[in-house]
Each structure stands twice: as structure tokens, then as C-alpha cells.
Amino acid sequence: MSIRNLHSLLKPRSVALVGASDTPGTVGRVLARNLLAFSGELYFINPKHSMLFGRNCWKDVASLPATPDLAVICTPAATAPDLIRALGERGTHAAIVVSAGFGELGTAGVALQQALLEAAGSSTLRIVGPNCIGMLNPPAALNASFTRDPALPGSLAFLTQSGALLTSVLDWSRSRGIGYSHLISLGDMADVDFGDLLDYLATDTDTQAILMYIEGIRQARKFMSAARAAARVKPVIVVKGGRHAEGARAAATHTGAMAGADRVYDAAIRRAGMLRVPNLGALFGATNILTLAELPRGKRLAILTNGGGMGVLATDALLDRGGQLAELSAQARAQLDACLPRTWSHNNPVDVVGDADGARYAAALEIMLEDPDMDAVLALYCPTGVSEPEEVAGAVIETARRSRKPLLTSWIGGNAVLGARQQLTRARLPNYETPESAVQAFMYLADYRRNQEMLTQTPASLPQAFAPDTGRARTLIAHALAEGREWLTEIESKQLLECYGIATVATRFAADPAEAAQRARELPPPYVLKIVSPQLSHKSEIGGVRLDLADAGAVAEAAEQLRTRLAAQHPDVKLLGYAVQSMVRRPHARELIAGISTDSQFGPVLLFGQGGTAAEVIGDTALALPPLNLHLAGMLMDETRVSRLLAGYRDHPPVDREAVALTLVKLAQLAGELAEVVELDINPLLADPSGVIALDARVRLADSSQPADRRLAIRPYPRELERDFALADGRKLRLRPILPEDEDMIQALFKQLTPMEIYMRFHGNMKILEHTLAARLTQIDYDREMALVLARPGVPGKAGICAVTRLAADPDFERAEFSLLVHHDYTGQGVGTRLLQALIDYARAHGIGELFGIVLRENAVMLNLCRRLGFRVQPQGGQPDPACVTMSLRLN
């Protein structure tokens, strides 16, 4: 379940407290006193009392005069399952179990938690907790928690697994006037979890931003779908606890060893479009800037100051945090020359000299805000005896009103600048006490924009159609597993990569030194020789690799030496034979690493970075969740230091960056199609101007009964829905799910529509399809949405689109809204009927309860089509126009 019955949890009209008490020092007493301010119906339950705090007290759930929307349970853990069952039978929709003694009691506690869920099962009653501090809805004066003080009403929602953290945040916030729409302690998350609450709060009009403290999640795919949906509409900011978990060190490959769990969370948070911050102070600082400022286009910051030292400190802070100091354009430099004293800095930071007044600040700031090479401006002010802080602040405020570019301020000092800071606050300009804190706020904006870009950026089309040989790949894997092997041999690993179009160096297997020499003669010299053993994943660690062997004789001699050495120094290692390959010489190639590891929470994870034998020591790697497209692969590469070397330097030409990105896209597809691959390591992956080639590869396997795509935290492209589509006139088209690469073709389709077609589809007049909307229509969550396009033959993103039908389901799959658009050149051939029927079949197969659509009454063609397919046509909201068409998909 997801948002079902959460309204009763978060905005109840009536609340029952089970375990209410007047005994000092008890949780039941604190909860009862906190609930007295609730404006709705309140019921206390305790068989030992008939009255509590001047209110009736009932002996049990059955004796209540009415059914409460929400129940709060603070009785001993062992009583909770029976109480949940009674509440569910009574019709209560939600309960908060603050009682501890579930997960903390080992096996018995786990069994008790399972009993709790089973008790709620048939009634769909939702449970928060157990082992939590409760929930607050300050705008409704609802404090269903045992916190010490109530919260101020506001527009922030705070979700946390730690009850103690909630009480601390609440106390900290009250002293600073920070208010909330909801504060929720999730505890052990037996039922309601982060994903559920993100889905609800994404559409909650009382909530402007969502703040979370996470220690761990359950159901990664649900979490990612909910997080991506919420982050599209409002800021979602995360503090992740437990950053230094050591669990990944035991992994056998380089990739596994470097893919620590916290780094995977970092990749997931970025991919979902959320912002991660390191601590609670940063949580509120980031929230403040994200709700006050526009997002910058990049991370180039311009600095305006009347003190050179402060400009230097701001520059250092910017570069330390990965930002860029904006370059002054020639035009901006000339304009500044014209309005500033000759002694100004003539560079960024723009030092307007210590005697600068408001007019000088305003003149320089206006030029900087208009310069397209600057993504944001930071205005610094140091108090001097020749200018007034308030007058300068007023001039900055007036200038800022004429621009939408992000502007941050820092009036540095104490009492002398206090009034100016208050001016800036009233004008809703972000202001900070130090340059460093202002720069950190700017980097929150830049990082958030980058993460949001993952949700909206249009990727380039793949350079060619790509169809892996999955049949051959599965045969390789099945053969190894049938032999009881965990690891593919190097040769098998390379064959697996070749199935996915990843170039490898030709490698031959030899059983003994003589055969090694024979195999060498089949390849051009010089040679590389490696031992083959099922017990070794890193051959170089025991000296099992020989390089630059001149001829076949040298290969045979090296093979004999390796066999002798292995027998003497590692008698427990079984030698199967040797791998022989030509020595690859690419003088300007970069050694990279690319691979897959499997995280216990998020499933397969992609890794990219600087490779070679010292890859772990250098530690220059980045992670991303599959699936990937070329844009996301490029962003993964940009997270590493080695990416700057790939662009070329001195006499080293740039590598084929697209070939590297395409390799990562192919690995991501492999991760989503081969469930048995739990680790994969290409090291080194050589990259140069001519492309990429895998010199060595390792693959670890494990039996899996789970479909490969279910392992991924983000549902991959559902290739199984692709099929040929023949028109009545003989033209051949392709029916397939939409891809992010299709945005340009969707834009092209829109431009070909008549004004009436646009009106019928979008219920309004639109002259252009904005990128934001086009990206939203093409970058969908396949787990909750589907869009089927009818496309001409060719590569997605380049092949024209003739028609599209789509649905978007609620998180519980109860209902899904659908739409249909067919280009006028393709009407009259049954395209709409077949396309909509395909969507109906998809919805029914995926458990959606009802399809509905909103159709204008004048759209007679669409209404007739819906009637033919079995939709019911009825008024929408009691009005004759537009009509609502519905189809129930579940059997009664």
C-alpha cells in the first residue's frame, strides 16, 4: 500500500488514545495532555478510568460512541495486535503505535511486529511505528506525540526515523520561529514508510518542502518512485545517518569493494532529484535557500565585495566546494570600467573598493546580474566608516527586484550590520553572516539544480540501434552455474561483454604451456599471459600476469614459470590453464574502471572511475543507479576527477567520450536483463580517440529466481512491450514505450498538430510545448506510468512519432488517467482503437483498478471510440462538459 488511508492518519477528524493515563511520568499522560488541544473529536481509552482530564474515558475500543479516524496506542507491545484488530473491525483507518518492544526484542519482537501487520491486513488500517514518538499536525493543533512542546504551524514537513531527533528539531525550530505542516516519527516502519509519506506530501497543498532524516529504507523501488514524483514538484532535502558503514569491504571485486552502502544512498538521492546535506543545521539552511532563490543554470558564481579579503575567503570556499569562479565577459569588464573607480579589481571577485556606497553597488550589481556568463551573484559588504550598511542594502534590494538571477548576500559583522540584515530578510533576499555560509548555500542551489536535471534533461539518441545477444549471454551464465562456479573465466567474461556490444581484446584459452605457445601464434605479438583459476578474481595479486612477451617461445617459458611458482607458493590454488592475448599498445589511452555491484537495498549499481591496479588506492570513482541513458552516463563520468583528463591535455588528445558513455549505458542494460550477474568489473577499460576496449573483465554469478528487472530500484525500459505495427495501407510502424530520447520527436509531433487537435488534447490553446512539459511527458516512471508511442522505423529520438497514448496511475494503482493523441495523417485506419486497446491491456495486466479520462463533449470522435471500447461516459463534476469516461478493469 501507499497513500491509502493516509489522510485519516495525517488529517484526522477524530482521534482515540489507547492507554491514556493521568499517572505522572507516563507516556500515556503526556500524550493525553498533548491531545487536549486537538480541535476534532477526542476519545480516551483506559479500563481503569471513567474520566480523564475532564473528559469521558472508555474501557475499550468496542465501547467508543463513534469510530475514530486515527488511534494512538501506547499500551505494552504484546497488546498492540489485538488492539489493531479491534480498531480495524470498528472501521478505524490509521493507527500510531508508539509502544516499543518489537524489533528490539529479537525474534520474538519480529514475530510480534508480523502479528501487528496481520491484524491490520484485512481492514487496510495503516500503521505508523511501532517504537516511534508519534506525529504532529500543527495547523490542525494536533499533537499525537509525547514531545515536550507543540510545534509552530508552517509549511515544512519533517519525516524522521529517530524520535529523539524529532524532539530536538522541534525545540531548535521553536526558538527560531520555524513552523511545520507535519512532523512524523516513523520508528520501525512496519507499514507506513518514507515512500508512502512522500507520495502523500507531494500533493499536500499545506507543505512547501519536505525534510527527511533517513537511517535506512525498505522497498527501494517504491521509495525511488515516490521520491522522484515528490522532487518534481517541491524541494526534498535529506540527512542520511550512518555514513560510515563498512559492509561493502568484503566484496570480492574492485567494484564491490568501493561501492559502500552510503555512496549508494548518495547516488539514489541524486538520481531522485533530492538534495542531500550533511547535518541538521544544513538541512534548514538548504531549505531556506531553496524556498527563497531561483535555481542557477550552473555553478559559476560572481562575487561583489567592498573588501578584497572577504572576496578571497569567498573564492576559497567556492573552489573548496566544487564551484566555479565566473569569468567576466569583455562586455561586463568594459561596463564595470565605466562605472567603477580605476582601482577596482578588474576581475572576479569584483572589488568595488572600501568607500563604495549604494549607488556604486547597484551599478556593479546590475551589470553582473545581466552577464550571461554568471549563474549567480554573491554580494558581500564589510562595514566601513564612509558608507551606511542600510543604504547599501536598500540599493541591492532595489536592483535585485529587476532580475531573476539568484542573488545571495552576506553583510559581515555584528551590531553595525544588524539593521541591514533585517532589511534583506524582509525583502526575502537570502543573507548570511559569513562568506563561507553564503557560498555553501549557493552550492546547495547548484547541486539541487544538477540533481533536478536528472529528471528533466533530454538525452542524445544512441548513435545506432543496439540489440544485445541475450540468448548467448544467458547460455554462458547457465553453463557456469551448472558447473557450480561462482565466477566466469576471463574469456567467458569477455564473451559476455561482447554479447552487449562492448569491445574486448581477443583472448585464447590454453590448457598447458605448449598450447599457450600455439595459441600465441594465432595472434599478433607481443603477448600477455594470465593464469586461469576459479579461485582467483585478481590474478595480479599473486603475480599471475606476464606482459610484453616477444614471441610464442617466451609465452611457453612464462607459462611454465607461472605453473612452477603457483605450485610452490600457492598449492591450494587450482590452475585450469592460461589466457593468451595480444599486448594492446595505445600510448594516449586512459585506464578506466567500469562495473556493476549489487547493493542490499537498491540492487544493481553502476561504477565508473580511474582504473588500473591502483584503482582502489586512488579512489576516484562515482556511482549511479541503472538504467542509464547517454546524458545520465555523462553525468556519472563528470562526478570523477579522471573525467577532466578525458577531455585532453597538452599532447594528449580527448578520448571518445560518447564511446565511454555508451559502454556505461550497455552495462546498465546488462544489469537490468541478467539477474544472475551480481558483480562485474572491467579494469582496465582503455579509452582513447578511437573508442574503448576492455582489456580484463571479471564477472561473479549467483542463482536468482527473481526477474532481472525487479532487482533495479528504478524500473528499466520495458522492452518486452515493443512490437511491429502494420497499418491498413501497408505502412510498417513500431509500437513501443516512450523514451527520454523522444522529446525532440514529441516536439515535432506537436508542431504538426492543428489548433483544434491541440485544443482537444490539452483542453486549451498552446502555441508551444515547453521543454519542462515535454520532458515530463517523455521521462516517465515506468513503474507507475506508461506511454506507448507509434513510431516510424529507426533509432528512438530520430524516428518520427505518429501517435501516443499514456496513463498515469495513483500510487495504489486504484485509478489511472489516460489520454490519446493521433496525428491527422494516421486517422481513419484504426490506429486510435488499436493503440488505446493496447493501453487497456497493459493497465489490466498491471493490476490497475480503473481507467478514466477527461474528454471535451465536442470531441465526438474520441467519445465514440471510448464507447466502442466499453468506457462509460458520464458528466465530470456534475457539469455536462467536459465528460469523464471510465472503465473498470477488475472483476467483481
# chains A, B, ... in the order shown; residues from 1 in each chain; ligands from 1

call {"tool": "residues_around", "arguments": {"residues": "range 730-744 of chain A", "least_positions_apart": "3", "cutoff": "10 Å", "atoms": "only C-alpha atoms", "output": "PyMOL selection string"}}
result
chain A and resi 455-462+629-631+717-727+747-750+771+773-780+782+786-806+835+838

call {"tool": "residues_around", "arguments": {"residues": "Glu850 in chain A", "least_positions_apart": "4", "cutoff": "10 Å", "atoms": "only C-alpha atoms", "output": "list in words"}}
result
Ala809, Phe813, Glu814, Arg815, Ala816, Glu817, Ile840, Ala843, Arg844, Thr886, Met887, Ser888, Leu889 and Arg890 of chain A

call {"tool": "residues_around", "arguments": {"residues": "Ala302 in chain A", "least_positions_apart": "6", "cutoff": "10 Å", "atoms": "only C-alpha atoms", "output": "PDB file with N, CA, C and O atoms, in the first residue's frame"}}
result
ATOM      1  N   THR A 315      36.060  33.113  -2.424  1.00  0.00           N
ATOM      2  CA  THR A 315      36.604  32.344  -3.557  1.00  0.00           C
ATOM      3  C   THR A 315      37.159  31.009  -3.089  1.00  0.00           C
ATOM      4  O   THR A 315      36.904  29.963  -3.709  1.00  0.00           O
ATOM      5  N   GLN A 324      32.614  27.103  -9.324  1.00  0.00           N
ATOM      6  CA  GLN A 324      33.488  27.763 -10.301  1.00  0.00           C
ATOM      7  C   GLN A 324      33.365  29.273 -10.141  1.00  0.00           C
ATOM      8  O   GLN A 324      32.271  29.809  -9.952  1.00  0.00           O
ATOM      9  N   LEU A 325      34.502  29.943 -10.225  1.00  0.00           N
ATOM     10  CA  LEU A 325      34.506  31.397 -10.210  1.00  0.00           C
ATOM     11  C   LEU A 325      34.197  31.878 -11.623  1.00  0.00           C
ATOM     12  O   LEU A 325      34.907  31.539 -12.572  1.00  0.00           O
ATOM     13  N   ALA A 326      33.114  32.622 -11.774  1.00  0.00           N
ATOM     14  CA  ALA A 326      32.694  33.059 -13.105  1.00  0.00           C
ATOM     15  C   ALA A 326      33.743  33.979 -13.728  1.00  0.00           C
ATOM     16  O   ALA A 326      34.386  34.776 -13.047  1.00  0.00           O
ATOM     17  N   GLU A 327      33.912  33.860 -15.048  1.00  0.00           N
ATOM     18  CA  GLU A 327      34.811  34.733 -15.805  1.00  0.00           C
ATOM     19  C   GLU A 327      34.043  35.967 -16.252  1.00  0.00           C
ATOM     20  O   GLU A 327      32.938  35.873 -16.792  1.00  0.00           O
ATOM     21  N   LEU A 328      34.621  37.133 -16.031  1.00  0.00           N
ATOM     22  CA  LEU A 328      33.992  38.361 -16.521  1.00  0.00           C
ATOM     23  C   LEU A 328      34.075  38.406 -18.041  1.00  0.00           C
ATOM     24  O   LEU A 328      35.149  38.223 -18.618  1.00  0.00           O
ATOM     25  N   ASN A 347      38.563  42.169 -12.070  1.00  0.00           N
ATOM     26  CA  ASN A 347      38.399  40.720 -12.175  1.00  0.00           C
ATOM     27  C   ASN A 347      37.305  40.300 -11.206  1.00  0.00           C
ATOM     28  O   ASN A 347      36.757  41.101 -10.461  1.00  0.00           O
ATOM     29  N   ASN A 348      36.988  39.043 -11.239  1.00  0.00           N
ATOM     30  CA  ASN A 348      36.056  38.441 -10.290  1.00  0.00           C
ATOM     31  C   ASN A 348      36.874  37.726  -9.215  1.00  0.00           C
ATOM     32  O   ASN A 348      37.724  36.889  -9.572  1.00  0.00           O
ATOM     33  N   PRO A 349      36.711  38.074  -7.928  1.00  0.00           N
ATOM     34  CA  PRO A 349      35.708  38.932  -7.317  1.00  0.00           C
ATOM     35  C   PRO A 349      35.823  40.399  -7.748  1.00  0.00           C
ATOM     36  O   PRO A 349      36.926  40.939  -7.900  1.00  0.00           O
ATOM     37  N   VAL A 350      34.657  41.014  -7.905  1.00  0.00           N
ATOM     38  CA  VAL A 350      34.593  42.420  -8.286  1.00  0.00           C
ATOM     39  C   VAL A 350      34.660  43.259  -7.003  1.00  0.00           C
ATOM     40  O   VAL A 350      33.681  43.369  -6.263  1.00  0.00           O
ATOM     41  N   LEU A 365      26.261  45.707  -9.522  1.00  0.00           N
ATOM     42  CA  LEU A 365      25.399  44.539  -9.394  1.00  0.00           C
ATOM     43  C   LEU A 365      24.509  44.373 -10.620  1.00  0.00           C
ATOM     44  O   LEU A 365      24.301  43.247 -11.106  1.00  0.00           O
ATOM     45  N   MET A 368      26.469  42.743 -13.351  1.00  0.00           N
ATOM     46  CA  MET A 368      26.760  41.345 -13.068  1.00  0.00           C
ATOM     47  C   MET A 368      25.521  40.470 -13.212  1.00  0.00           C
ATOM     48  O   MET A 368      25.593  39.335 -13.694  1.00  0.00           O
ATOM     49  N   LEU A 369      24.379  40.992 -12.812  1.00  0.00           N
ATOM     50  CA  LEU A 369      23.145  40.220 -12.944  1.00  0.00           C
ATOM     51  C   LEU A 369      22.742  40.025 -14.408  1.00  0.00           C
ATOM     52  O   LEU A 369      22.076  39.042 -14.751  1.00  0.00           O
ATOM     53  N   ASP A 371      24.981  39.734 -16.918  1.00  0.00           N
ATOM     54  CA  ASP A 371      26.019  38.999 -17.644  1.00  0.00           C
ATOM     55  C   ASP A 371      25.621  37.516 -17.757  1.00  0.00           C
ATOM     56  O   ASP A 371      25.480  36.827 -16.744  1.00  0.00           O
ATOM     57  N   ASP A 373      27.310  35.004 -18.518  1.00  0.00           N
ATOM     58  CA  ASP A 373      28.366  34.080 -18.102  1.00  0.00           C
ATOM     59  C   ASP A 373      28.406  33.879 -16.586  1.00  0.00           C
ATOM     60  O   ASP A 373      29.264  33.152 -16.081  1.00  0.00           O
ATOM     61  N   MET A 374      27.520  34.539 -15.881  1.00  0.00           N
ATOM     62  CA  MET A 374      27.453  34.406 -14.419  1.00  0.00           C
ATOM     63  C   MET A 374      26.132  33.739 -14.064  1.00  0.00           C
ATOM     64  O   MET A 374      25.062  34.214 -14.436  1.00  0.00           O
ATOM     65  N   ASP A 375      26.200  32.614 -13.328  1.00  0.00           N
ATOM     66  CA  ASP A 375      24.993  31.879 -12.967  1.00  0.00           C
ATOM     67  C   ASP A 375      24.323  32.439 -11.718  1.00  0.00           C
ATOM     68  O   ASP A 375      23.120  32.263 -11.516  1.00  0.00           O
ATOM     69  N   ALA A 376      25.087  33.090 -10.855  1.00  0.00           N
ATOM     70  CA  ALA A 376      24.546  33.692  -9.635  1.00  0.00           C
ATOM     71  C   ALA A 376      25.545  34.722  -9.137  1.00  0.00           C
ATOM     72  O   ALA A 376      26.710  34.737  -9.550  1.00  0.00           O
ATOM     73  N   VAL A 377      25.070  35.590  -8.244  1.00  0.00           N
ATOM     74  CA  VAL A 377      25.927  36.647  -7.688  1.00  0.00           C
ATOM     75  C   VAL A 377      25.850  36.587  -6.172  1.00  0.00           C
ATOM     76  O   VAL A 377      24.771  36.410  -5.586  1.00  0.00           O
ATOM     77  N   LEU A 378      27.003  36.737  -5.546  1.00  0.00           N
ATOM     78  CA  LEU A 378      27.091  36.877  -4.095  1.00  0.00           C
ATOM     79  C   LEU A 378      27.570  38.293  -3.788  1.00  0.00           C
ATOM     80  O   LEU A 378      28.665  38.682  -4.198  1.00  0.00           O
ATOM     81  N   ALA A 379      26.744  39.063  -3.094  1.00  0.00           N
ATOM     82  CA  ALA A 379      27.098  40.429  -2.704  1.00  0.00           C
ATOM     83  C   ALA A 379      27.572  40.420  -1.255  1.00  0.00           C
ATOM     84  O   ALA A 379      26.827  40.045  -0.343  1.00  0.00           O
ATOM     85  N   LEU A 407      20.556  35.756  -6.295  1.00  0.00           N
ATOM     86  CA  LEU A 407      21.417  36.708  -5.602  1.00  0.00           C
ATOM     87  C   LEU A 407      21.463  36.326  -4.133  1.00  0.00           C
ATOM     88  O   LEU A 407      20.421  36.193  -3.479  1.00  0.00           O
TER      89      LEU A 407
END

call {"tool": "select_by_dssp", "arguments": {"residues": "range 570-645 of chain A", "states": "strand (DSSP E)", "output": "list in words"}}
result
Gly577, Tyr578, Ala579, Val580, Gln581, Ser582, Arg590, Glu591, Leu592, Ile593, Ala594, Gly595, Ile596, Ser597, Thr598, Asp599, Gly603, Pro604, Val605, Leu606, Leu607, Phe608, Gly609, Gln610, Thr621, Ala622, Leu623 and Ala624 of chain A

call {"tool": "residues_around", "arguments": {"residues": "Val61 in chain A", "least_positions_apart": "3", "cutoff": "7 Å", "atoms": "only C-alpha atoms", "output": "list in words"}}
result
Leu64, Ala86 and Leu87 of chain A

call {"tool": "write_last_selection", "arguments": {"atoms": "N, CA and C atoms", "output": "mmCIF file, in the first residue's frame"}}
result
data_model
loop_
_atom_site.group_PDB
_atom_site.id
_atom_site.type_symbol
_atom_site.label_atom_id
_atom_site.label_comp_id
_atom_site.auth_asym_id
_atom_site.auth_seq_id
_atom_site.Cartn_x
_atom_site.Cartn_y
_atom_site.Cartn_z
ATOM 1 N N LEU A 64 -16.521 2.631 22.344
ATOM 2 C CA LEU A 64 -16.466 4.016 21.862
ATOM 3 C C LEU A 64 -17.801 4.414 21.231
ATOM 4 N N ALA A 86 -9.092 -4.968 16.651
ATOM 5 C CA ALA A 86 -10.358 -4.379 17.091
ATOM 6 C C ALA A 86 -10.632 -3.048 16.402
ATOM 7 N N LEU A 87 -9.605 -2.241 16.252
ATOM 8 C CA LEU A 87 -9.771 -0.951 15.581
ATOM 9 C C LEU A 87 -10.135 -1.149 14.113
#

call {"tool": "residues_around", "arguments": {"residues": "Arg174 in chain A", "least_positions_apart": "4", "cutoff": "9 Å", "atoms": "only C-alpha atoms", "output": "JSON list (two decimals) with N, CA, C and O atoms, in the first residue's frame"}}
result
[["chain", "number", "residue", "atom", "x", "y", "z"],
["A", 150, "PRO", "N", 4.50, 21.75, 21.82],
["A", 150, "PRO", "CA", 3.90, 21.72, 20.48],
["A", 150, "PRO", "C", 4.81, 22.40, 19.46],
["A", 150, "PRO", "O", 5.78, 23.06, 19.82],
["A", 151, "ALA", "N", 4.48, 22.22, 18.19],
["A", 151, "ALA", "CA", 5.25, 22.85, 17.11],
["A", 151, "ALA", "C", 4.50, 24.06, 16.58],
["A", 151, "ALA", "O", 3.27, 24.16, 16.69],
["A", 152, "LEU", "N", 5.24, 24.98, 16.01],
["A", 152, "LEU", "CA", 4.62, 26.13, 15.35],
["A", 152, "LEU", "C", 4.06, 25.69, 14.00],
["A", 152, "LEU", "O", 4.66, 24.87, 13.30],
["A", 169, "VAL", "N", 14.79, 18.64, 17.08],
["A", 169, "VAL", "CA", 14.49, 19.55, 15.97],
["A", 169, "VAL", "C", 13.33, 20.47, 16.35],
["A", 169, "VAL", "O", 13.34, 21.67, 16.04],
["A", 170, "LEU", "N", 12.36, 19.91, 17.02],
["A", 170, "LEU", "CA", 11.20, 20.70, 17.42],
["A", 170, "LEU", "C", 11.61, 21.82, 18.36],
["A", 170, "LEU", "O", 11.21, 22.98, 18.19],
["A", 178, "ILE", "N", 10.57, 28.58, 13.26],
["A", 178, "ILE", "CA", 10.34, 27.72, 12.10],
["A", 178, "ILE", "C", 9.11, 26.86, 12.36],
["A", 178, "ILE", "O", 8.99, 26.20, 13.39],
["A", 179, "GLY", "N", 8.18, 26.88, 11.40],
["A", 179, "GLY", "CA", 6.92, 26.15, 11.56],
["A", 179, "GLY", "C", 6.78, 24.99, 10.60],
["A", 179, "GLY", "O", 7.49, 24.89, 9.59]]

call {"tool": "closest_residue", "arguments": {"among": "A:Pro526, A:Gly611, A:Pro653, A:Gly394", "to": "His588 in chain A", "atoms": "only C-alpha atoms"}}
result
A:Pro653
